[in-house]
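A.B. asks: Could you have a look at this structure, given as C-alpha cells, before my questions?
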2 protein chains.
Amino acid sequence: MWQKLLDAYLKSLIRTGALTLTLPDGTTRRFGPGGPDAPDVAVTITDEATLKALATNPQLALGEAYMDQRLTIAGDDLHGLLELVLRNLAHGHERGLAKLQAALRDLTRGIAQRNPAARSKANVAHHYDLSGALYDFFLDEDRQYSCAYFKTPGDSLDQAQRQKKAHIAGKLRLEPGMTVLDIGCGWGGMGLTLARDYGAEVLGVTLSEEQLKVARARAEAAGLSNRVRFELMDYRAVAGQFDRIVSVGMFEHVGAPNFATYFGKVRELLKPEGVALIHTIGRFTPPGSTNPWITRYIFPGGYIPALSETMAAVEKTGLVSTDVEVWRLHYAYTLRHWYDRFMARQDEAVALYDERFVRMWKFYLVASEQTFRFAGQCVFQLQLARDQQAVPLTRDYLYAPGDPGA
Amino acid sequence: MWQKLLDAYLKSLIRTGALTLTLPDGTTRRFGPGGPDAPDVAVTITDEATLKALATNPQLALGEAYMDQRLTIAGDDLHGLLELVLRNLAHGHERGLAKLQAALRDLTRGIAQRNPAARSKANVAHHYDLSGALYDFFLDEDRQYSCAYFKTPGDSLDQAQRQKKAHIAGKLRLEPGMTVLDIGCGWGGMGLTLARDYGAEVLGVTLSEEQLKVARARAEAAGLSNRVRFELMDYRAVAGQFDRIVSVGMFEHVGAPNFATYFGKVRELLKPEGVALIHTIGRFTPPGSTNPWITRYIFPGGYIPALSETMAAVEKTGLVSTDVEVWRLHYAYTLRHWYDRFMARQDEAVALYDERFVRMWKFYLVASEQTFRFAGQCVFQLQLARDQQAVPLTRDYLYAPGDPGA
C-alpha cells in the first residue's frame, strides 16, 4: 500500500529529469522522462518504515532518511537528488498527501511561528549555540553567517563577505559617531566592521549566549569595547532611538505572525532622519509555510518571507521603503563555498558531533543551495526610512567609483 | 448644522499648520496650532451649498469648490492649501464622515476599478483623448506623460525625461533586433526612442485614438515605421511573445481587481529569457482606494497601488522580481515643471477649453505634486523576469560610467 502511494506521488511529481528507485524488496522503478533539463538520479530505500515515511510525509522524511542512511544515493549525489526534487516541486506538480500537508502547514503557521520571547531564545539556542568550532569549519574569517555579495561568481568567500558588509554600510550612509543598532548581531562581525571602518557607535543584540560570548571577546581583542556594546537581549526589549538600524539574516527567525511587531519596533527605534537596512532571505513565490525538516532540525520557528507580506507589514508602520534590492544566486554561491569548506573538514566535524549530525548539516547546506538555484529563494535588502529624503535622490551613491560599497 | 460638522472635521484634521476659514456669513474661525512645520492658509467659502458639500464629502468637494471658485484661497495659494491638507491627512487624523467614506471606497473598489475592455477604453478616452495642444502646453519635447528621472533637482524637464528613458532602456538590457512590447505607449516617445537609439523592434499599444494618431505620425516622420508599430489595442488582446516588455505609467489604470490579470498577461507575453520593466506610481501606505475627485475628473477607474498588493499579484505568476527601485520626489519635481509650464500658457489653455477646465487642471497638477511631497506617493520601477539569471548578478551595469542610463 505505501509503495503504491509513493509510486503515485513520484509519478505526479517528477515531470523533468528522472529518478530510479530501488525498493527494500530489491525491485526497481523509474519516474520522469529523463533528458538534459534535470538530473537523472538513482536512489535506494533500505526498509519498509522509510518507504512508509516517504509516502506519507516526503518533505520531512527525505532529510531524515538521508541522515539515517536509510536512503542512499548512487555516488552520494545529494546535489543531483535535491536539484531533481526541487526543480520538480517548483513546477507545482505536487499532489495528494504532500499537498494537503503543505496546506495544513500554511494554515497553522500562526501557531508554529508565534515565537514569544522565551520561545525565540530556545529557537536561537537550538542553532546558534552549537559549538563555535562547527561554524569555523565552513564560515569565512569574520564568521559572517549570511549571504555574501559576489561581484563575480569567482569571488572568494572572504572577499564576497567583505563586499557584503561594505554594500550594507553604503546603504546605511554612515557618518562617524552615528549610533547603530544591530538586530541579531551574530558573532559581532557586522558591528565590529561598522565601528572600526566607519566610526559607528554600535549596540548589537543577540539571543545566543555563545554568540554573545564570542562577540564580546572580539570587541575586547580589537580594542573596540568602548564603541561596540553587545547584549543578550530580545530586539523587542531594546529602548531608545538610533541613527541607523541594521539587521542581517535575523528576519528569517521572526515568523509571519510577528512581522508587524518587527517593523513597528524598527520604526520606534529609528530617529526621524534615520535609515534602516533589513537583509533577509526571501521567496519569489506566494506566502506559504516552512519545510518541516528545516523546522524540526535546523530553524525552529523560522519562516522565509515573500515580499508581498513583508511590505504589507512595512506599509502599516509609516516607514518608507527607499530601495528594495533582490539578490539572486548570491546565496547559492555562498552555500557552495560553505559546503566545500565543510566537506573538507568533514572528519573533524564527525569527531566534534557524529556521522548523523554531519549528514544532517550536509543535507541542510545542499538543500539550501539548491533551493536558491531552483526553487524560488532569494535575498531581499530593504532600505527603510521615516523621511523619504533620508537617502539621496538616486541610487548612484551606491555605485560611485572608489566607494568601498560599490 | 453643516457648519458644526465641518468645524468638527477640521478641528480633528488640522494638527500641524493652520487654516483660517471665512464662512458665507462672514464669520471667521481658525484651526490648527500654526508654527513652522506646515503652511498657514486663509480660505473663504462663498455659499452654504459649498459648506455642506465640504462637510459631507471633503475629498470630492474641495476640488469641485476650487474649480467653481466657490472656495477661494488668499493669494490663490493652492500649493499651500494642499500642503496643509495633505500633511494633515498623512498624519491619519481624519475622523467622522470622511473616514467612513474612505472605508466605503475601499470596500467598493472592486466595482469602481473593474475596468473591462470597453470601460477601459472609455476611461482612457476621458483623459488621453483631450486635445494634443493641451498636453503641449506642459509636457516636454517628447511628450513623456510620466515621471522624469532627476539626477539633481535642477535638471531640466527635457533632460530628466531623456534620463528616464535611458534608465529604463538600461534596465531592459536591450540589444539590436530585440522585440519590445510597450503596454500603454502614449504618444509613442518611449517606443520611438527604443527603436532609434537601441535598435529595438517595437509594438506599442494604446487605447487612445488621439495618442495612436500622433504616435503613428511620429513614427512615419522619423522614418521608423518599419521598426515601430502602434496599434489601438487592449493589452489583454496582444498575442505572441516578446524579448522585452515595457509599461510606463499604465499600471495606474489597471485597477486592483485586475492586477493578477495584468501580471499574468506580462508573464504570458514574455519569452523565457525575457525582461520586463513596469514603471508605475505607487503608495507607501497600505492598500486603499482612489481620491473621489481624481476618479471623477481626472482618471476614472484608476488606482495607485501599494507594493504589497502589487507583489502579491507578481508572486502568483511565477515571475521573478529582479529589482524594485523606488523613486521619491522625482514626480514632485516633474509635476512642478508641468505646473510652471502650464501656468505660463494659462491664457491659451483658457482659450482652448475654459476657466473652469484650467482650474481643474491646475488643481490636478498641484494636488498630485503635493501628494508626492507630503502624502506617501512615489514611483515603483519593477524589473521582472521569468529566469532569475536574465539580468546580471549585481546592479552595477545600471551605473557603469558611460552607460546612457547611468
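Within each chain, counting starts at residue 1; across the C-alpha cells, chains are named A, B, ... in the order shown, with ligands numbered 1 upward in that order.
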Hey, which bits of chain A sit within 7 Å of chain B, and for each residue what's the closest pair of atoms and how far apart in Å (one decimal), counting only C-alpha atoms, rows by chain and increasing number, as a tab-separated table?

C.D. replies:
```
residue	atom	partner	partner_atom	distance
A:Lys151	CA	B:Thr394	CA	6.5
A:Phe284	CA	B:Glu315	CA	5.8
A:Thr285	CA	B:Glu315	CA	5.0
A:Pro286	CA	B:Glu315	CA	5.1
A:Leu307	CA	B:Met311	CA	6.5
A:Ser308	CA	B:Ser308	CA	4.2
A:Glu309	CA	B:Ser308	CA	6.4
A:Met311	CA	B:Ser308	CA	4.9
A:Ala312	CA	B:Ser308	CA	5.0
A:Glu315	CA	B:Thr285	CA	4.9
A:Lys316	CA	B:Pro286	CA	6.0
A:Gly318	CA	B:Thr285	CA	6.8
A:Val320	CA	B:Phe284	CA	5.9
A:Thr322	CA	B:Val326	CA	5.6
A:Asp323	CA	B:Val326	CA	5.5
A:Val324	CA	B:Val324	CA	5.1
A:Glu325	CA	B:Asp323	CA	5.6
A:Val326	CA	B:Asp323	CA	5.5
A:Arg328	CA	B:Gln388	CA	6.5
A:Gln388	CA	B:Arg328	CA	6.5
A:Leu393	CA	B:Arg328	CA	6.9
A:Thr394	CA	B:Lys151	CA	6.5
A:Asp396	CA	B:Tyr399	CA	6.6
A:Tyr399	CA	B:Tyr399	CA	6.3
```

A.B. asks: Counting only C-alpha atoms, what is within 12 Å of B:Val266, bar same-chain residues fewer than 2 positions away, as a PDB file with C-alpha atoms, in the first residue's frame?

C.D. replies:
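Generated file (part12.pdb):
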```pdb
ATOM      1  CA  VAL B 180       9.731  45.053 -27.381  1.00  0.00           C
ATOM      2  CA  LEU B 181       6.096  45.357 -26.375  1.00  0.00           C
ATOM      3  CA  ASP B 182       5.186  48.781 -24.960  1.00  0.00           C
ATOM      4  CA  ILE B 183       1.945  48.455 -22.971  1.00  0.00           C
ATOM      5  CA  TYR B 235      -3.063  44.793 -23.732  1.00  0.00           C
ATOM      6  CA  ARG B 236      -5.215  41.798 -22.865  1.00  0.00           C
ATOM      7  CA  ALA B 237      -5.700  41.205 -26.601  1.00  0.00           C
ATOM      8  CA  VAL B 238      -1.995  41.136 -27.514  1.00  0.00           C
ATOM      9  CA  ALA B 239      -0.668  37.756 -28.703  1.00  0.00           C
ATOM     10  CA  GLY B 240       2.810  36.346 -29.214  1.00  0.00           C
ATOM     11  CA  GLN B 241       5.981  36.610 -27.115  1.00  0.00           C
ATOM     12  CA  PHE B 242       8.496  39.436 -26.805  1.00  0.00           C
ATOM     13  CA  ASP B 243      12.116  39.721 -25.710  1.00  0.00           C
ATOM     14  CA  ARG B 244      11.233  42.737 -23.612  1.00  0.00           C
ATOM     15  CA  ILE B 245       8.092  44.331 -22.203  1.00  0.00           C
ATOM     16  CA  VAL B 246       7.947  47.927 -21.027  1.00  0.00           C
ATOM     17  CA  SER B 247       4.950  49.625 -19.457  1.00  0.00           C
ATOM     18  CA  PHE B 251      -0.445  50.190 -14.441  1.00  0.00           C
ATOM     19  CA  PHE B 259      -3.554  43.078 -11.015  1.00  0.00           C
ATOM     20  CA  ALA B 260      -3.420  39.277 -11.390  1.00  0.00           C
ATOM     21  CA  THR B 261      -4.669  39.533 -14.983  1.00  0.00           C
ATOM     22  CA  TYR B 262      -2.095  42.207 -15.762  1.00  0.00           C
ATOM     23  CA  PHE B 263       0.948  40.329 -14.483  1.00  0.00           C
ATOM     24  CA  GLY B 264      -0.397  37.021 -15.809  1.00  0.00           C
ATOM     25  CA  GLU B 268       2.413  35.063 -20.962  1.00  0.00           C
ATOM     26  CA  LEU B 269       3.817  37.637 -23.399  1.00  0.00           C
ATOM     27  CA  LEU B 270       7.422  37.368 -22.183  1.00  0.00           C
ATOM     28  CA  LYS B 271       9.946  34.989 -23.753  1.00  0.00           C
ATOM     29  CA  PRO B 272      11.698  32.575 -21.343  1.00  0.00           C
ATOM     30  CA  GLY B 274      12.836  37.977 -21.323  1.00  0.00           C
ATOM     31  CA  VAL B 275      12.910  41.046 -19.085  1.00  0.00           C
ATOM     32  CA  ALA B 276      10.009  43.382 -18.262  1.00  0.00           C
ATOM     33  CA  LEU B 277      10.103  46.832 -16.715  1.00  0.00           C
ATOM     34  CA  ILE B 278       6.911  48.119 -15.126  1.00  0.00           C
ATOM     35  CA  ALA B 313      -0.044  39.539  -7.875  1.00  0.00           C
ATOM     36  CA  VAL B 314       3.503  39.131  -9.247  1.00  0.00           C
ATOM     37  CA  THR B 317       2.569  34.367 -11.831  1.00  0.00           C
ATOM     38  CA  GLY B 318       5.936  32.701 -11.296  1.00  0.00           C
ATOM     39  CA  LEU B 319       7.658  35.882 -12.474  1.00  0.00           C
ATOM     40  CA  VAL B 320      10.780  36.819 -10.533  1.00  0.00           C
ATOM     41  CA  GLN B 383      12.123  44.742 -13.147  1.00  0.00           C
ATOM     42  CA  LEU B 384      10.641  41.297 -13.773  1.00  0.00           C
ATOM     43  CA  ALA B 385      11.911  38.152 -15.454  1.00  0.00           C
ATOM     44  CA  ARG B 386      10.936  34.531 -15.900  1.00  0.00           C
TER      45      ARG B 386
END
```

A.B. asks: Can you pull out the residues contacting B:Gly255? Cut-off 8 Å, using only C-alpha atoms, and skip same-chain residues under 3 positions away; I want them as an NGL selection string.

C.D. replies: :B and (113-115 or 251-252 or 258-259 or 301-303)

A.B. asks: Let me see the file: selected residues, N, CA and C atoms, as a PDB file, in the first residue's frame.

C.D. replies:
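And here's result.pdb as it stands now:
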```
ATOM      1  N   GLN B 113     -13.140  49.794  -9.917  1.00  0.00           N
ATOM      2  CA  GLN B 113     -11.936  49.586 -10.734  1.00  0.00           C
ATOM      3  C   GLN B 113     -12.007  48.285 -11.534  1.00  0.00           C
ATOM      4  N   ARG B 114     -13.240  47.842 -11.859  1.00  0.00           N
ATOM      5  CA  ARG B 114     -13.340  46.547 -12.541  1.00  0.00           C
ATOM      6  C   ARG B 114     -12.742  46.621 -13.946  1.00  0.00           C
ATOM      7  N   ASN B 115     -13.020  47.702 -14.643  1.00  0.00           N
ATOM      8  CA  ASN B 115     -12.343  48.002 -15.903  1.00  0.00           C
ATOM      9  C   ASN B 115     -12.325  46.881 -16.948  1.00  0.00           C
ATOM     10  N   PHE B 251       0.058  51.073 -15.501  1.00  0.00           N
ATOM     11  CA  PHE B 251      -0.445  50.190 -14.441  1.00  0.00           C
ATOM     12  C   PHE B 251      -1.406  50.928 -13.512  1.00  0.00           C
ATOM     13  N   GLU B 252      -1.251  52.258 -13.396  1.00  0.00           N
ATOM     14  CA  GLU B 252      -2.147  53.077 -12.576  1.00  0.00           C
ATOM     15  C   GLU B 252      -3.604  52.989 -13.063  1.00  0.00           C
ATOM     16  N   ASN B 258      -7.664  43.843 -11.166  1.00  0.00           N
ATOM     17  CA  ASN B 258      -7.091  43.278 -12.386  1.00  0.00           C
ATOM     18  C   ASN B 258      -5.587  43.061 -12.311  1.00  0.00           C
ATOM     19  N   PHE B 259      -5.010  43.217 -11.124  1.00  0.00           N
ATOM     20  CA  PHE B 259      -3.554  43.078 -11.015  1.00  0.00           C
ATOM     21  C   PHE B 259      -3.091  41.679 -11.459  1.00  0.00           C
ATOM     22  N   GLY B 301     -11.556  54.968 -12.995  1.00  0.00           N
ATOM     23  CA  GLY B 301     -11.060  53.583 -12.998  1.00  0.00           C
ATOM     24  C   GLY B 301      -9.635  53.440 -12.510  1.00  0.00           C
ATOM     25  N   GLY B 302      -8.980  54.566 -12.188  1.00  0.00           N
ATOM     26  CA  GLY B 302      -7.564  54.490 -11.816  1.00  0.00           C
ATOM     27  C   GLY B 302      -7.353  54.095 -10.369  1.00  0.00           C
ATOM     28  N   TYR B 303      -6.138  53.621 -10.076  1.00  0.00           N
ATOM     29  CA  TYR B 303      -5.802  53.235  -8.709  1.00  0.00           C
ATOM     30  C   TYR B 303      -4.284  53.205  -8.543  1.00  0.00           C
TER      31      TYR B 303
END
```

A.B. asks: In stretch 250-325 of chain B, what's alpha helix (DSSP H) per DSSP? Answer as a list in words?

C.D. replies: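 Of stretch 250-325 of chain B, only Phe259, Ala260, Thr261, Tyr262, Phe263, Gly264, Lys265, Val266, Arg267, Glu268, Leu269, Pro292, Trp293, Ile294, Thr295, Arg296, Tyr297, Leu307, Ser308, Glu309, Thr310, Met311, Ala312, Ala313, Val314, Glu315, Lys316 and Thr317 of chain B fall in alpha helix (DSSP H).
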
A.B. asks: List the spatial neighbours of A:Arg70 as a PDB file with C-alpha atoms, in the first residue's frame - criterion: any atom at most 8 Å away, only C-alpha atoms, same-chain residues fewer than 5 positions off excluded.

C.D. replies:
```pdb
ATOM      1  CA  ILE A  45      15.413   2.782   0.112  1.00  0.00           C
ATOM      2  CA  THR A  46      16.580   0.207   2.626  1.00  0.00           C
ATOM      3  CA  ASP A  47      13.496  -0.603   4.706  1.00  0.00           C
ATOM      4  CA  THR A  50      11.302   4.533   5.367  1.00  0.00           C
ATOM      5  CA  ALA A  65      16.088   9.066   5.708  1.00  0.00           C
TER       6      ALA A  65
END
```

A.B. asks: Compile the contact shell of B:Pro33 as a PyMOL selection string: residues with an atom at most 12 Å away, counting only C-alpha atoms, same-chain residues fewer than 5 positions apart removed.

C.D. replies: chain B and resi 11-20+38-40+84+88

A.B. asks: Show which residues sit within 7 Å of B:Gly189, as a list in words. Count only C-alpha atoms, and ignore same-chain residues fewer than 3 positions away.

C.D. replies: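 Using only C-alpha atoms, the neighbours found are Asp142, Arg143, Gln144, Leu192 and Thr193 of chain B.
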
A.B. asks: Set the distance at 12 Å and use only C-alpha atoms: which residues neighbour stretch 347-352 of chain B once local chain neighbours fewer than 4 positions away are removed? I'd like the list as a ChimeraX atom specification.

C.D. replies: /B:130-138,341-343,356-362

A.B. asks: As an MDAnalysis selection string, please: all residues of stretch 188-377 of chain A that backbone DSSP puts in strand (DSSP E).

C.D. replies: chainID A and resid 201:206 228:232 242:248 270:283 320:327 377

A.B. asks: Please compute the atom CA of A:Asp68-atom CA of A:Leu104 distance, one decimal, in Å.

C.D. replies: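 Taking atom CA of A:Asp68 as the start and atom CA of A:Leu104 as the end point, the length is 26.5 Å.
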
A.B. asks: By how many Å are atom CA of A:Gly110 and atom CA of A:Gly282 apart?

C.D. replies: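 That distance, rounded to one decimal, is 18.3 Å.
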
A.B. asks: So, with only C-alpha atoms as the atoms that count, which of A:Leu81, A:Val254, A:Ala166, A:Ala221 lies closest to A:Gln370?

C.D. replies: A:Leu81

A.B. asks: Could you check the closest approach to B:Lys213 for each of B:Tyr128, B:Arg29, B:Glu141, B:His79 and tell me which residue wins, using only C-alpha atoms?

C.D. replies: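 Using only C-alpha atoms, the shortest distance to B:Lys213 belongs to B:Tyr128.
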
A.B. asks: In Å, with one decimal, what is the gap from atom CA of A:Ile294 to atom CA of A:Pro36?

C.D. replies: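 For atom CA of A:Ile294 relative to atom CA of A:Pro36, the distance reads 29.5 Å.
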